[in-house]
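The structure appears below as structure tokens.
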Amino acid sequence: MLAYTLIEKKQAGKSLTKGEIHYLVNGFLKKDIPDYQMAAFLMAVYFKGMTPEEINAYIDVILHSGRRVQFSDSNTYYADKHSTGGVGDKISLILAPLAMASGKVKVPMISGRGLGHSGGTLDKLESIPGFQTHLSLEAFQAQTDEIGCALIGQTDDLCPADKVLYSLRDVTATVRSIPLICGSILSKKIAEGVNGLVLDVKTGNGAFMTGYEMSKNLADQLKHFGEAYGLSVRPVLTDMSQPLGNKVGNWLEVEESLEVLQGGGPDAVREITLVLTTQMLALADPKRSEDDIRRELEQLLDNGSAYVAFLKIVEKQGGDITYLENPERYPSAAHIIDVKAQREGTISGIDTYQLGLDAIALGAGRKFLSDTIDPKAGLVIHKHIGDTVHVGDYIVTLHTDNKDAADILSSSIENRFTYSEHAVSQPPYIYEIR
Ligand code: URA
């Protein structure tokens with residue numbers, strides 16, 4: 001077999017056999033196939049797609065590139081949530097402890113780093129001083145069983161093929177591909193050993209799938225292929241036509257999560273968390289009414305139980321909880337700059353993708369894989385779609401140590417917002433549960 005001829009075959013729109021897909025992915029993992037050939041193959045898939053048989057083979061080879069977690073307690077329901085990615089998406093930081101606090105499920109969550117313009121749960125967790133995201137699979141499993149949740153990053157022995165493919169896709173503009181997203185997300189979730197999976201499929205200009213039909217198609221394919229592997233899958237389509245909540249950036253998002261975990265925070269973040277966690281608990285106990293589940297979850301946020309669960313996870317994974325108890329102790333960025341509106345009207349649209357890139361420019365994400373993240377960096381968004389703005393109102397606050405980036409964005413960031421002279425309604429937080 002030759003990688004060259006397999007690239008040509010996919011380029012011509014033909015389907016590859018299971019053996020050919022295994023040859024490519026395993027060859028790339030073993031470094032027998034170079035980056036440039038794998039990148040060409042991924043680009044061919046991006047344009048030509050994959051048949052259902054090819055998608056199955058692609059999930060299968062990534063899944064079997066590493067180990068698989070197997071929980072031994074058959075009386076426990078293990079569940080996870082995965083987001084297809086967006087800007088300001090801090091839901092995992094709240095949902096995982098909230099679900100743990102309910103005692104109805106255990107949450108073994110393996111998360112990723114920022115990808116493209118979107119942030120990553122792992123980078124957010126690592127902004128908490130001392131927090132360890134590198135646990136062995138044994139420690140991960142033991143902690144999940146002991147306290148009800150563990151939050152880690154992909155290990156070298158769990159879906160290692162996804163780790164290398166994910167990095168290559170990130171720099172070759174091949175993230176926005178349904179077969180490639182299915183392979184990446186589902187292999188990890190199947191390997192994690194969960195029974196149920198809630199998928200937050202984001203749609204809008206800050207999501208990887210911007211159009212609604214494409215997002216719906218992604219949701220349906222994830223459900224179809226996940227169920228074929230015996231997972232119960234519940235996709236929820238949620239809005240990403242503006243940043244989620246007010247804060248974008250790693251520590252800033254931890255701060256906002258703490259607010260929601262204590263019964264406050266922005267309405268959008270609380271609502272999406274409640275809907276997704278309700279779906280997770282409904283997968284575990286389909287006979288229970290969703291209204292009843294939701295009421296219980298609201299109480300767990302409002303009475304501080306979810307917050308206490310978060311502290312427990314952070315402490316267990318070596319994080320310094322004094323920063324969570326006193327967020328004002330966290331170091332501030334060197335430059336905190338309020339950008340004021342020069343125009344007036346009602347916000348009718350936000351370039352969410354560009355705001356994600358702006359947060360990276362301020363230091364909140366990586367331009368290159370080797371870049372280090374500034375956990376303090378990011379944006380506070382003061383105006384959302386439907387809000388009225390007067391000249392001089394605060395529109396965004398920049399947090400950064402990078403003076404040059406701050407200077408550029410102070411004068412240009414208002415261009416990410418479009419204004420209307422007429423009233424504009426807010427987009428819904430949730431579109432549908434599929
Ligand atoms: N999240 C993943 O884990 N993989 C993708 O391909 C996209 C989002």
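Letters A, B, ... mark the chains of the structure tokens in the order given; residue numbers begin at 1 per chain; ligand numbers begin at 1, in order shown.
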
inquiry  = What residues of the protein or nucleic acid chains come within 10 Å of ligand 1 when you use only C-alpha atoms and all ligand atoms? Reply as a PyMOL selection string.
reply    = chain A and resi 82-86+110-116+118+120+154+162-163+165-167+169-170+174-189+201+207-209

Polymer residues at most 7 Å from Pro235 in chain A, only C-alpha atoms, same-chain spacing of 4 or more positions, as a PyMOL selection string = chain A and resi 198-201+219+223+433-434

Store the residues picked out above in a file with C-alpha atoms, as a PDB file, in the first residue's frame.
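Contents of out.pdb, as written:
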```pdb
ATOM      1  CA  VAL A 198     -24.424  14.547  26.100  1.00  0.00           C
ATOM      2  CA  LEU A 199     -23.150  16.505  23.133  1.00  0.00           C
ATOM      3  CA  ASP A 200     -23.252  20.264  23.063  1.00  0.00           C
ATOM      4  CA  VAL A 201     -23.302  20.891  19.324  1.00  0.00           C
ATOM      5  CA  ALA A 219     -25.401  16.166  15.780  1.00  0.00           C
ATOM      6  CA  LYS A 223     -25.581  10.240  17.667  1.00  0.00           C
ATOM      7  CA  ILE A 433     -32.526  18.508  21.672  1.00  0.00           C
ATOM      8  CA  ARG A 434     -32.136  15.717  19.091  1.00  0.00           C
TER       9      ARG A 434
END
```

Which residues are near His22 in chain A? Cut-off 12 Å, only C-alpha atoms, ignore same chain within fewer than 2 positions. Put them as a compact mmCIF listing (two decimals) with N, CA, C and O atoms, in the first residue's frame.
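Result written to result_5.txt:
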```txt
# COMPACT_ATOMS: atom_id res chain seq x y z
N MET A 1 0.85 -1.21 0.00
CA MET A 1 0.00 0.00 0.00
C MET A 1 0.88 1.26 0.00
O MET A 1 1.91 1.27 0.65
N ALA A 3 0.71 5.50 0.64
CA ALA A 3 -0.11 6.64 1.07
C ALA A 3 -0.49 7.48 -0.15
O ALA A 3 -1.63 7.95 -0.27
N LEU A 6 -3.48 6.23 -1.93
CA LEU A 6 -4.70 6.36 -1.10
C LEU A 6 -5.19 7.82 -1.09
O LEU A 6 -6.40 8.08 -1.09
N LEU A 16 -12.41 4.39 0.76
CA LEU A 16 -11.28 3.56 1.16
C LEU A 16 -11.78 2.36 1.96
O LEU A 16 -12.82 2.46 2.64
N THR A 17 -11.04 1.28 1.92
CA THR A 17 -11.41 0.12 2.72
C THR A 17 -10.97 0.35 4.17
O THR A 17 -10.14 1.23 4.44
N LYS A 18 -11.49 -0.50 5.07
CA LYS A 18 -11.10 -0.44 6.47
C LYS A 18 -9.57 -0.59 6.60
O LYS A 18 -8.91 0.16 7.31
N GLY A 19 -9.02 -1.54 5.84
CA GLY A 19 -7.58 -1.81 5.89
C GLY A 19 -6.79 -0.58 5.46
O GLY A 19 -5.74 -0.27 6.03
N GLU A 20 -7.29 0.12 4.45
CA GLU A 20 -6.56 1.30 3.95
C GLU A 20 -6.59 2.43 4.99
O GLU A 20 -5.59 3.11 5.20
N LEU A 24 -3.33 4.10 6.95
CA LEU A 24 -2.98 5.53 6.99
C LEU A 24 -2.82 6.04 8.42
O LEU A 24 -1.84 6.69 8.76
N VAL A 25 -3.83 5.74 9.26
CA VAL A 25 -3.82 6.31 10.62
C VAL A 25 -2.68 5.68 11.44
O VAL A 25 -1.91 6.39 12.11
N ASN A 26 -2.55 4.36 11.37
CA ASN A 26 -1.47 3.72 12.14
C ASN A 26 -0.10 4.12 11.61
O ASN A 26 0.83 4.33 12.38
N GLY A 27 0.01 4.27 10.29
CA GLY A 27 1.28 4.68 9.69
C GLY A 27 1.65 6.08 10.14
O GLY A 27 2.81 6.37 10.44
N PHE A 28 0.65 6.96 10.24
CA PHE A 28 0.92 8.33 10.69
C PHE A 28 1.36 8.33 12.15
O PHE A 28 2.30 9.02 12.54
N LEU A 29 0.66 7.51 12.95
CA LEU A 29 1.00 7.45 14.38
C LEU A 29 2.43 6.94 14.57
O LEU A 29 3.16 7.42 15.44
N LYS A 30 2.82 5.97 13.74
CA LYS A 30 4.17 5.40 13.89
C LYS A 30 5.23 6.26 13.19
O LYS A 30 6.40 5.89 13.12
N GLU A 54 -16.56 4.07 6.09
CA GLU A 54 -15.25 4.70 6.32
C GLU A 54 -15.22 5.39 7.69
O GLU A 54 -14.21 5.32 8.40
N ILE A 55 -16.32 6.05 8.05
CA ILE A 55 -16.35 6.74 9.36
C ILE A 55 -16.19 5.71 10.48
O ILE A 55 -15.41 5.90 11.42
N ASN A 56 -16.89 4.59 10.35
CA ASN A 56 -16.76 3.52 11.36
C ASN A 56 -15.32 3.05 11.47
O ASN A 56 -14.79 2.86 12.57
N ALA A 57 -14.69 2.85 10.32
CA ALA A 57 -13.30 2.37 10.32
C ALA A 57 -12.38 3.42 10.93
O ALA A 57 -11.44 3.09 11.66
N TYR A 58 -12.67 4.69 10.66
CA TYR A 58 -11.82 5.79 11.17
C TYR A 58 -11.96 5.90 12.71
O TYR A 58 -10.97 6.03 13.42
N ILE A 59 -13.21 5.78 13.21
CA ILE A 59 -13.40 5.81 14.67
C ILE A 59 -12.66 4.61 15.28
O ILE A 59 -11.94 4.73 16.27
N ASP A 60 -12.84 3.46 14.64
CA ASP A 60 -12.29 2.21 15.16
C ASP A 60 -10.76 2.25 15.28
O ASP A 60 -10.19 1.85 16.29
N VAL A 61 -10.12 2.77 14.24
CA VAL A 61 -8.64 2.75 14.28
C VAL A 61 -8.12 3.75 15.33
O VAL A 61 -7.14 3.47 16.01
N ILE A 62 -8.81 4.87 15.49
CA ILE A 62 -8.34 5.83 16.52
C ILE A 62 -8.58 5.21 17.91
O ILE A 62 -7.72 5.25 18.78
N LEU A 63 -9.76 4.63 18.09
CA LEU A 63 -10.10 4.00 19.38
C LEU A 63 -9.07 2.94 19.75
O LEU A 63 -8.60 2.88 20.90
N HIS A 64 -8.69 2.09 18.79
CA HIS A 64 -7.77 1.00 19.08
C HIS A 64 -6.30 1.39 19.03
O HIS A 64 -5.43 0.55 19.20
N SER A 65 -6.04 2.68 18.83
CA SER A 65 -4.63 3.11 18.85
C SER A 65 -4.12 3.17 20.29
O SER A 65 -2.93 3.34 20.53
N ALA A 161 -3.76 8.31 18.54
CA ALA A 161 -3.88 8.74 17.13
C ALA A 161 -4.65 10.05 17.05
O ALA A 161 -4.36 10.90 16.21
```

message = With DSSP run on the backbone, what are the strand (DSSP E or B) residues within range 115-341 of chain A? I'd like them as a ChimeraX atom specification.
response = /A:115,118,149-153,196-203,232-239,247-248,335-340

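By chain and then residue number, the residues within 12 Å of Leu283 in chain A are Tyr77, Tyr78, Ala79, Asp80, Lys81, Lys104, Val105, Val194, Asn195, Gly196, Leu197, Val198, Leu231, Ser232, Val233, Arg234, Pro235, Leu276, Thr277, Thr278, Arg288, Ser289, Glu290 and Ile293 of chain A, counting only C-alpha atoms and disregarding those fewer than 5 positions away in sequence.
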
Generate the output file for the selected residues, N, CA, C and O atoms, as an mmCIF file, in the first residue's frame.
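See result-v2.cif below for the written result:
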```cif
data_model
loop_
_atom_site.group_PDB
_atom_site.id
_atom_site.type_symbol
_atom_site.label_atom_id
_atom_site.label_comp_id
_atom_site.auth_asym_id
_atom_site.auth_seq_id
_atom_site.Cartn_x
_atom_site.Cartn_y
_atom_site.Cartn_z
ATOM 1 N N TYR A 77 -23.876 4.728 36.806
ATOM 2 C CA TYR A 77 -24.002 5.264 35.446
ATOM 3 C C TYR A 77 -22.870 6.280 35.258
ATOM 4 O O TYR A 77 -22.756 7.261 35.997
ATOM 5 N N TYR A 78 -22.009 6.024 34.279
ATOM 6 C CA TYR A 78 -20.905 6.931 33.969
ATOM 7 C C TYR A 78 -21.314 7.775 32.760
ATOM 8 O O TYR A 78 -21.776 7.218 31.744
ATOM 9 N N ALA A 79 -21.159 9.078 32.886
ATOM 10 C CA ALA A 79 -21.620 9.953 31.802
ATOM 11 C C ALA A 79 -20.650 11.102 31.598
ATOM 12 O O ALA A 79 -19.928 11.499 32.510
ATOM 13 N N ASP A 80 -20.677 11.614 30.389
ATOM 14 C CA ASP A 80 -19.814 12.757 30.079
ATOM 15 C C ASP A 80 -20.565 13.703 29.145
ATOM 16 O O ASP A 80 -21.595 13.345 28.572
ATOM 17 N N LYS A 81 -19.999 14.894 29.021
ATOM 18 C CA LYS A 81 -20.529 15.886 28.077
ATOM 19 C C LYS A 81 -19.359 16.348 27.229
ATOM 20 O O LYS A 81 -18.239 16.486 27.737
ATOM 21 N N LYS A 104 -26.088 11.176 41.086
ATOM 22 C CA LYS A 104 -26.824 10.251 40.202
ATOM 23 C C LYS A 104 -25.928 9.639 39.124
ATOM 24 O O LYS A 104 -26.273 8.628 38.534
ATOM 25 N N VAL A 105 -24.832 10.326 38.826
ATOM 26 C CA VAL A 105 -23.911 9.823 37.800
ATOM 27 C C VAL A 105 -22.484 10.077 38.279
ATOM 28 O O VAL A 105 -22.254 10.895 39.172
ATOM 29 N N VAL A 194 -17.632 5.545 29.182
ATOM 30 C CA VAL A 194 -18.915 6.046 29.687
ATOM 31 C C VAL A 194 -20.102 5.276 29.097
ATOM 32 O O VAL A 194 -20.000 4.666 28.038
ATOM 33 N N ASN A 195 -21.222 5.351 29.816
ATOM 34 C CA ASN A 195 -22.471 4.773 29.310
ATOM 35 C C ASN A 195 -23.236 5.809 28.483
ATOM 36 O O ASN A 195 -23.896 5.463 27.504
ATOM 37 N N GLY A 196 -23.197 7.053 28.934
ATOM 38 C CA GLY A 196 -24.014 8.084 28.292
ATOM 39 C C GLY A 196 -23.194 9.309 27.948
ATOM 40 O O GLY A 196 -22.235 9.653 28.658
ATOM 41 N N LEU A 197 -23.583 9.958 26.869
ATOM 42 C CA LEU A 197 -22.832 11.125 26.398
ATOM 43 C C LEU A 197 -23.801 12.218 25.951
ATOM 44 O O LEU A 197 -24.653 11.980 25.091
ATOM 45 N N VAL A 198 -23.652 13.387 26.561
ATOM 46 C CA VAL A 198 -24.424 14.547 26.100
ATOM 47 C C VAL A 198 -23.495 15.368 25.224
ATOM 48 O O VAL A 198 -22.345 15.626 25.602
ATOM 49 N N LEU A 231 -23.131 3.531 23.023
ATOM 50 C CA LEU A 231 -23.294 4.694 23.909
ATOM 51 C C LEU A 231 -24.716 5.230 23.782
ATOM 52 O O LEU A 231 -25.297 5.189 22.694
ATOM 53 N N SER A 232 -25.268 5.750 24.882
ATOM 54 C CA SER A 232 -26.508 6.526 24.753
ATOM 55 C C SER A 232 -26.081 7.959 24.491
ATOM 56 O O SER A 232 -25.313 8.519 25.281
ATOM 57 N N VAL A 233 -26.545 8.520 23.393
ATOM 58 C CA VAL A 233 -26.053 9.850 22.993
ATOM 59 C C VAL A 233 -27.214 10.833 22.904
ATOM 60 O O VAL A 233 -28.252 10.530 22.299
ATOM 61 N N ARG A 234 -27.056 11.995 23.514
ATOM 62 C CA ARG A 234 -28.108 13.024 23.453
ATOM 63 C C ARG A 234 -27.497 14.337 22.965
ATOM 64 O O ARG A 234 -26.855 15.059 23.728
ATOM 65 N N PRO A 235 -27.615 14.655 21.668
ATOM 66 C CA PRO A 235 -27.076 15.937 21.194
ATOM 67 C C PRO A 235 -28.048 17.097 21.465
ATOM 68 O O PRO A 235 -29.258 16.939 21.304
ATOM 69 N N LEU A 276 -28.131 20.937 29.716
ATOM 70 C CA LEU A 276 -27.231 19.813 29.380
ATOM 71 C C LEU A 276 -27.131 18.822 30.543
ATOM 72 O O LEU A 276 -27.118 17.605 30.340
ATOM 73 N N THR A 277 -27.079 19.340 31.764
ATOM 74 C CA THR A 277 -26.947 18.417 32.915
ATOM 75 C C THR A 277 -28.262 17.661 33.118
ATOM 76 O O THR A 277 -28.257 16.484 33.488
ATOM 77 N N THR A 278 -29.373 18.329 32.861
ATOM 78 C CA THR A 278 -30.666 17.633 32.945
ATOM 79 C C THR A 278 -30.685 16.467 31.956
ATOM 80 O O THR A 278 -31.107 15.350 32.294
ATOM 81 N N ARG A 288 -37.377 9.232 35.181
ATOM 82 C CA ARG A 288 -37.566 10.418 36.012
ATOM 83 C C ARG A 288 -37.968 11.628 35.154
ATOM 84 O O ARG A 288 -37.469 11.789 34.036
ATOM 85 N N SER A 289 -38.840 12.475 35.706
ATOM 86 C CA SER A 289 -39.279 13.617 34.885
ATOM 87 C C SER A 289 -38.160 14.653 34.789
ATOM 88 O O SER A 289 -37.432 14.904 35.763
ATOM 89 N N GLU A 290 -38.036 15.255 33.605
ATOM 90 C CA GLU A 290 -36.967 16.232 33.390
ATOM 91 C C GLU A 290 -37.178 17.480 34.250
ATOM 92 O O GLU A 290 -36.223 18.111 34.684
ATOM 93 N N ILE A 293 -35.744 16.674 37.613
ATOM 94 C CA ILE A 293 -34.264 16.696 37.579
ATOM 95 C C ILE A 293 -33.793 18.142 37.608
ATOM 96 O O ILE A 293 -32.896 18.520 38.363
#
```

ask   = Out of range 195-317 of chain A, which residues get helix (DSSP H, G or I) from DSSP, as a PyMOL selection string?
value = chain A and resi 212-228+250-261+267-284+290-302+305-316

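Using only C-alpha atoms, the contacts of Val391 in chain A at a cut-off of 10 Å, with sequence neighbours closer than 2 positions omitted, comprise Lys340, Ala341, Gln342, Arg343, Glu344, Gly345, Val389, Asp393, Tyr394 and Ile395 of chain A.
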
Dump of N, CA, C and O atoms for the selected residues, as a PDB file, in the first residue's frame:
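So the final result, stored in again-v1.pdb, reads:
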```pdb
ATOM      1  N   LYS A 340     -14.543  51.755  24.949  1.00  0.00           N
ATOM      2  CA  LYS A 340     -15.867  52.396  24.972  1.00  0.00           C
ATOM      3  C   LYS A 340     -16.449  52.491  23.566  1.00  0.00           C
ATOM      4  O   LYS A 340     -15.709  52.671  22.597  1.00  0.00           O
ATOM      5  N   ALA A 341     -17.766  52.415  23.497  1.00  0.00           N
ATOM      6  CA  ALA A 341     -18.451  52.468  22.196  1.00  0.00           C
ATOM      7  C   ALA A 341     -18.306  53.856  21.580  1.00  0.00           C
ATOM      8  O   ALA A 341     -18.430  54.873  22.271  1.00  0.00           O
ATOM      9  N   GLN A 342     -18.071  53.863  20.280  1.00  0.00           N
ATOM     10  CA  GLN A 342     -17.981  55.130  19.533  1.00  0.00           C
ATOM     11  C   GLN A 342     -19.293  55.391  18.801  1.00  0.00           C
ATOM     12  O   GLN A 342     -19.470  56.428  18.197  1.00  0.00           O
ATOM     13  N   ARG A 343     -20.138  54.360  18.777  1.00  0.00           N
ATOM     14  CA  ARG A 343     -21.394  54.465  18.011  1.00  0.00           C
ATOM     15  C   ARG A 343     -22.565  54.191  18.932  1.00  0.00           C
ATOM     16  O   ARG A 343     -22.369  53.791  20.079  1.00  0.00           O
ATOM     17  N   GLU A 344     -23.754  54.358  18.397  1.00  0.00           N
ATOM     18  CA  GLU A 344     -24.891  53.942  19.214  1.00  0.00           C
ATOM     19  C   GLU A 344     -25.902  53.174  18.378  1.00  0.00           C
ATOM     20  O   GLU A 344     -25.899  53.231  17.157  1.00  0.00           O
ATOM     21  N   GLY A 345     -26.731  52.418  19.058  1.00  0.00           N
ATOM     22  CA  GLY A 345     -27.710  51.584  18.371  1.00  0.00           C
ATOM     23  C   GLY A 345     -27.925  50.313  19.170  1.00  0.00           C
ATOM     24  O   GLY A 345     -27.584  50.244  20.356  1.00  0.00           O
ATOM     25  N   VAL A 389     -26.819  50.273  22.980  1.00  0.00           N
ATOM     26  CA  VAL A 389     -25.508  50.868  23.296  1.00  0.00           C
ATOM     27  C   VAL A 389     -25.573  52.372  23.051  1.00  0.00           C
ATOM     28  O   VAL A 389     -26.110  52.816  22.032  1.00  0.00           O
ATOM     29  N   ASP A 393     -20.477  53.966  26.303  1.00  0.00           N
ATOM     30  CA  ASP A 393     -20.720  52.763  27.126  1.00  0.00           C
ATOM     31  C   ASP A 393     -19.528  51.816  27.000  1.00  0.00           C
ATOM     32  O   ASP A 393     -18.933  51.703  25.927  1.00  0.00           O
ATOM     33  N   TYR A 394     -19.238  51.102  28.085  1.00  0.00           N
ATOM     34  CA  TYR A 394     -18.211  50.055  27.982  1.00  0.00           C
ATOM     35  C   TYR A 394     -18.735  48.952  27.088  1.00  0.00           C
ATOM     36  O   TYR A 394     -19.856  48.479  27.272  1.00  0.00           O
ATOM     37  N   ILE A 395     -17.908  48.548  26.138  1.00  0.00           N
ATOM     38  CA  ILE A 395     -18.354  47.467  25.252  1.00  0.00           C
ATOM     39  C   ILE A 395     -17.547  46.194  25.497  1.00  0.00           C
ATOM     40  O   ILE A 395     -18.096  45.102  25.578  1.00  0.00           O
TER      41      ILE A 395
END
```

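What separates CA of Lys247 in chain A from CA of Ile381 in chain A is a distance of 6.2 Å.
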
key: All residues 7 Å or closer to Ala268 in chain A, only C-alpha atoms, same chain fewer than 2 positions away omitted, as a ChimeraX atom specification   = /A:244-245,266,270-272,429

message = Between CA of Gln141 in chain A and CA of Phe71 in chain A, what distance in Å does the model show, to one decimal?
response = 7.2 Å

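Distance-wise, CA of Val260 in chain A and CA of Gln132 in chain A end up 22.8 Å apart.
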
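Every protein or nucleic acid residue with an atom no more than 8 Å from Gly204 in chain A, counting only C-alpha atoms and leaving out same-chain residues fewer than 6 positions away, appears here: Thr210, Gly211, Tyr212, Asp239, Met240, Ser241 and Gln242 of chain A.
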
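Minimum atom-to-atom distance to Met214 in chain A, evaluated using only C-alpha atoms, belongs to A:Lys202 out of A:Ile128, A:Met43, A:Tyr4, A:Lys202.
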
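Distance check against Pro427 in chain A using only C-alpha atoms: of A:Thr238, A:Ala142, A:Asp320, A:Asp371, the minimum falls on A:Thr238.
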
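Each of A:Lys9, A:His390, A:His399, A:His117 was compared to Glu421 in chain A using only C-alpha atoms, and A:His390 turns out to be the nearest.
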
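Among the candidates A:Glu296, A:Glu192, A:Glu126, A:Asp156, the one nearest to Val69 in chain A when counting only C-alpha atoms is A:Glu192.
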
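If you measure from each of A:Leu274, A:Ile430, A:Val424, A:Ala406 to Ile94 in chain A using only C-alpha atoms, the closest one turns out to be A:Leu274.
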